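This is my_file_5.pdb. It holds PDB, C-alpha atoms, pLDDT in the B column.
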ATOM      1  CA  MET A   1      49.974 113.421 142.017  1.00 47.00           C
ATOM      2  CA  PRO A   2      52.991 115.774 142.388  1.00 53.00           C
ATOM      3  CA  HIS A   3      54.484 117.509 139.347  1.00 56.00           C
ATOM      4  CA  LEU A   4      57.943 116.333 138.355  1.00 56.00           C
ATOM      5  CA  LEU A   5      59.077 119.877 137.569  1.00 56.00           C
ATOM      6  CA  ASP A   6      57.860 123.016 139.215  1.00 67.00           C
ATOM      7  CA  GLU A   7      56.848 126.020 137.095  1.00 73.00           C
ATOM      8  CA  PRO A   8      60.153 128.018 137.235  1.00 72.00           C
ATOM      9  CA  MET A   9      62.192 124.935 136.281  1.00 69.00           C
ATOM     10  CA  ARG A  10      59.844 124.191 133.385  1.00 71.00           C
ATOM     11  CA  THR A  11      60.206 127.792 132.155  1.00 76.00           C
ATOM     12  CA  ILE A  12      63.999 127.599 132.346  1.00 74.00           C
ATOM     13  CA  LEU A  13      64.045 124.361 130.352  1.00 70.00           C
ATOM     14  CA  LEU A  14      61.744 125.834 127.700  1.00 70.00           C
ATOM     15  CA  VAL A  15      63.970 128.906 127.347  1.00 71.00           C
ATOM     16  CA  ILE A  16      67.119 126.770 127.060  1.00 77.00           C
ATOM     17  CA  GLY A  17      65.429 124.571 124.444  1.00 73.00           C
ATOM     18  CA  GLY A  18      64.303 127.611 122.458  1.00 71.00           C
ATOM     19  CA  VAL A  19      67.751 129.202 122.530  1.00 70.00           C
ATOM     20  CA  THR A  20      69.310 125.925 121.395  1.00 73.00           C
ATOM     21  CA  LEU A  21      66.959 125.704 118.423  1.00 68.00           C
ATOM     22  CA  LEU A  22      67.588 129.329 117.535  1.00 66.00           C
ATOM     23  CA  LEU A  23      71.368 128.901 117.626  1.00 66.00           C
ATOM     24  CA  ASN A  24      71.151 125.791 115.457  1.00 61.00           C
ATOM     25  CA  GLY A  25      69.241 127.810 112.868  1.00 55.00           C
ATOM     26  CA  VAL A  26      71.814 130.601 112.929  1.00 50.00           C
ATOM     27  CA  VAL A  27      74.718 128.176 112.504  1.00 49.00           C
ATOM     28  CA  TYR A  28      72.920 126.401 109.663  1.00 50.00           C
ATOM     29  CA  GLY A  29      72.293 129.694 107.853  1.00 49.00           C
ATOM     30  CA  GLN A  30      75.937 130.697 108.107  1.00 52.00           C
ATOM     31  CA  ALA A  31      77.311 127.335 107.022  1.00 46.00           C
ATOM     32  CA  GLU A  32      75.055 126.913 104.031  1.00 77.00           C
ATOM     33  CA  THR A  33      77.834 127.531 101.516  1.00 84.00           C
ATOM     34  CA  PRO A  34      80.908 125.771 102.921  1.00 90.00           C
ATOM     35  CA  VAL A  35      82.204 124.702  99.483  1.00 91.00           C
ATOM     36  CA  LEU A  36      81.956 128.241  98.129  1.00 91.00           C
ATOM     37  CA  ASP A  37      83.573 129.652 101.270  1.00 91.00           C
ATOM     38  CA  GLN A  38      86.471 127.175 101.107  1.00 94.00           C
ATOM     39  CA  ARG A  39      87.066 127.914  97.445  1.00 95.00           C
ATOM     40  CA  GLN A  40      87.046 131.653  98.171  1.00 94.00           C
ATOM     41  CA  MET A  41      89.659 131.155 100.904  1.00 95.00           C
ATOM     42  CA  ASN A  42      91.817 129.022  98.587  1.00 96.00           C
ATOM     43  CA  GLN A  43      91.775 131.683  95.891  1.00 96.00           C
ATOM     44  CA  GLU A  44      92.663 134.420  98.359  1.00 95.00           C
ATOM     45  CA  GLN A  45      95.570 132.266  99.556  1.00 96.00           C
ATOM     46  CA  ARG A  46      96.736 131.847  95.945  1.00 95.00           C
ATOM     47  CA  ILE A  47      96.756 135.628  95.549  1.00 95.00           C
ATOM     48  CA  ASP A  48      98.697 136.078  98.814  1.00 95.00           C
ATOM     49  CA  GLN A  49     101.175 133.413  97.723  1.00 95.00           C
ATOM     50  CA  GLY A  50     101.627 135.172  94.366  1.00 93.00           C
ATOM     51  CA  ILE A  51     102.408 138.437  96.150  1.00 93.00           C
ATOM     52  CA  ALA A  52     104.877 136.715  98.487  1.00 94.00           C
ATOM     53  CA  THR A  53     106.762 135.020  95.638  1.00 92.00           C
ATOM     54  CA  GLY A  54     106.764 138.083  93.394  1.00 92.00           C
ATOM     55  CA  GLN A  55     104.571 136.459  90.745  1.00 93.00           C
ATOM     56  CA  LEU A  56     101.981 139.216  91.227  1.00 93.00           C
ATOM     57  CA  ASN A  57     102.698 142.912  91.337  1.00 93.00           C
ATOM     58  CA  ARG A  58     100.592 145.358  93.368  1.00 92.00           C
ATOM     59  CA  ARG A  59      98.341 146.321  90.485  1.00 94.00           C
ATOM     60  CA  GLU A  60      97.563 142.702  89.592  1.00 95.00           C
ATOM     61  CA  ALA A  61      96.967 141.814  93.243  1.00 95.00           C
ATOM     62  CA  ARG A  62      94.595 144.769  93.733  1.00 96.00           C
ATOM     63  CA  ARG A  63      92.624 143.782  90.635  1.00 96.00           C
ATOM     64  CA  LEU A  64      92.352 140.151  91.773  1.00 97.00           C
ATOM     65  CA  ASP A  65      91.405 141.197  95.327  1.00 96.00           C
ATOM     66  CA  ARG A  66      88.616 143.414  93.968  1.00 97.00           C
ATOM     67  CA  GLN A  67      87.350 140.489  91.920  1.00 97.00           C
ATOM     68  CA  GLN A  68      87.297 138.314  95.063  1.00 97.00           C
ATOM     69  CA  ASP A  69      85.424 141.084  96.916  1.00 96.00           C
ATOM     70  CA  ARG A  70      82.782 141.146  94.166  1.00 97.00           C
ATOM     71  CA  ILE A  71      82.363 137.370  94.420  1.00 97.00           C
ATOM     72  CA  ASP A  72      82.052 137.679  98.201  1.00 95.00           C
ATOM     73  CA  GLY A  73      79.342 140.306  97.669  1.00 96.00           C
ATOM     74  CA  MET A  74      77.518 137.976  95.278  1.00 96.00           C
ATOM     75  CA  GLU A  75      77.590 135.258  97.922  1.00 95.00           C
ATOM     76  CA  ASN A  76      76.368 137.623 100.641  1.00 94.00           C
ATOM     77  CA  ARG A  77      73.472 138.802  98.464  1.00 95.00           C
ATOM     78  CA  ALA A  78      72.577 135.219  97.575  1.00 94.00           C
ATOM     79  CA  ASN A  79      72.654 134.223 101.251  1.00 93.00           C
ATOM     80  CA  SER A  80      70.734 137.302 102.456  1.00 92.00           C
ATOM     81  CA  ASP A  81      67.451 135.373 102.474  1.00 91.00           C
ATOM     82  CA  ASP A  82      69.143 132.340 104.140  1.00 90.00           C
ATOM     83  CA  VAL A  83      68.609 130.243 100.993  1.00 92.00           C
ATOM     84  CA  VAL A  84      71.144 129.900  98.199  1.00 93.00           C
ATOM     85  CA  THR A  85      69.404 128.505  95.138  1.00 93.00           C
ATOM     86  CA  GLY A  86      71.021 126.273  92.554  1.00 93.00           C
ATOM     87  CA  LYS A  87      70.998 129.133  90.060  1.00 96.00           C
ATOM     88  CA  GLU A  88      72.793 131.406  92.534  1.00 95.00           C
ATOM     89  CA  ARG A  89      75.347 128.676  93.285  1.00 95.00           C
ATOM     90  CA  ALA A  90      75.964 128.213  89.561  1.00 95.00           C
ATOM     91  CA  ARG A  91      76.441 131.951  89.030  1.00 97.00           C
ATOM     92  CA  ILE A  92      78.873 132.210  91.969  1.00 96.00           C
ATOM     93  CA  GLY A  93      80.697 129.074  90.782  1.00 96.00           C
ATOM     94  CA  ALA A  94      81.084 130.557  87.296  1.00 97.00           C
ATOM     95  CA  ALA A  95      82.467 133.775  88.802  1.00 97.00           C
ATOM     96  CA  GLN A  96      84.911 131.739  90.890  1.00 97.00           C
ATOM     97  CA  ASN A  97      86.003 129.796  87.791  1.00 97.00           C
ATOM     98  CA  ARG A  98      86.624 133.075  85.970  1.00 97.00           C
ATOM     99  CA  ALA A  99      88.575 134.453  88.939  1.00 97.00           C
ATOM    100  CA  SER A 100      90.639 131.267  89.139  1.00 97.00           C
ATOM    101  CA  ARG A 101      91.622 131.622  85.472  1.00 97.00           C
ATOM    102  CA  HIS A 102      92.553 135.273  86.066  1.00 97.00           C
ATOM    103  CA  ILE A 103      94.733 134.335  89.040  1.00 96.00           C
ATOM    104  CA  LEU A 104      96.491 131.670  86.965  1.00 96.00           C
ATOM    105  CA  ARG A 105      97.097 134.038  84.046  1.00 95.00           C
ATOM    106  CA  GLU A 106      98.380 136.868  86.225  1.00 95.00           C
ATOM    107  CA  LYS A 107     100.687 134.624  88.240  1.00 93.00           C
ATOM    108  CA  HIS A 108     102.247 133.156  85.103  1.00 92.00           C
ATOM    109  CA  ASP A 109     102.593 136.227  82.926  1.00 89.00           C
ATOM    110  CA  ARG A 110     105.968 137.860  82.354  1.00 81.00           C
ATOM    111  CA  GLN A 111     105.263 140.713  84.723  1.00 74.00           C
ATOM    112  CA  GLY A 112     106.146 140.550  88.353  1.00 57.00           C
ATOM    113  CA  ALA A 113     108.680 142.280  90.521  1.00 54.00           C
ATOM    114  CA  ARG A 114     109.811 144.646  87.751  1.00 56.00           C
ATOM    115  CA  HIS A 115     106.379 146.375  87.764  1.00 52.00           C
ATOM    116  CA  ARG A 116     106.115 147.010  91.481  1.00 49.00           C
TER     117      ARG A 116
END

Using the file provided, produce a representation of the structure as structure tokens.
Amino acid sequence: MPHLLDEPMRTILLVIGGVTLLLNGVVYGQAETPVLDQRQMNQEQRIDQGIATGQLNRREARRLDRQQDRIDGMENRANSDDVVTGKERARIGAAQNRASRHILREKHDRQGARHR
């Protein structure tokens, strides 16, 4: 009975299948925190918008950007083992809530363009 696939073709198919599985794992590991990532982007956009409208001066913007960088570092550390636990999500969420309040306060204080 003849083989349906010869040996080189079988090897090629196995390699392609393995690479496909590997890439799926990589994509899954990177996209494990889409809600946190989207919220981070939204907050960075709020900071940029505050700079553009003059609601934030340079000092306020730098402080808020550093806070966002720290939150990003927290997320990277939490995701370093490819698993973000509920406790880690809660801690990052609390930090994002705090940062959101800081952005709101800084954008609506009486400072602005006069302190540039």

Explicit residue set for the PyMOL selection byres ((chain A and resi 86-95) around 8), as a PyMOL selection string: chain A and resi 36+71+74-75+78+84-85+96-99

Written as a ChimeraX atom specification, which residues does the PyMOL selection byres ((chain A and resi 50) around 12) give for the file shown? /A:43-49,51-58,60-62,64-65,103-109,111-113

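Atom pair CA of Val19 (chain A) / CA of Asp81 (chain A) has a distance of 21.0 Å (rounded to one decimal).
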
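If you look at CA of Gly73 (chain A) and CA of Asn42 (chain A), they are 16.8 Å away from each other.
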
For a test of reading the model, state the distance in Å between CA of Val83 (chain A) and CA of Ile16 (chain A), rounded to one decimal. 26.3 Å

Rank nothing, just name the residue among A:Ser100, A:Gly17, A:Asn76, A:Asp82 nearest to Arg39 (chain A), using only C-alpha atoms. A:Ser100

To test the calculation: enclose all listed atoms of region 57-64 of chain A in a box whose edges run along x, y and z, add 8 Å on each side, then state centre and edge lengths in Å to one decimal, as AutoDock Vina command-line options.
--center_x 97.5 --center_y 143.2 --center_z 91.7 --size_x 26.3 --size_y 22.2 --size_z 20.1
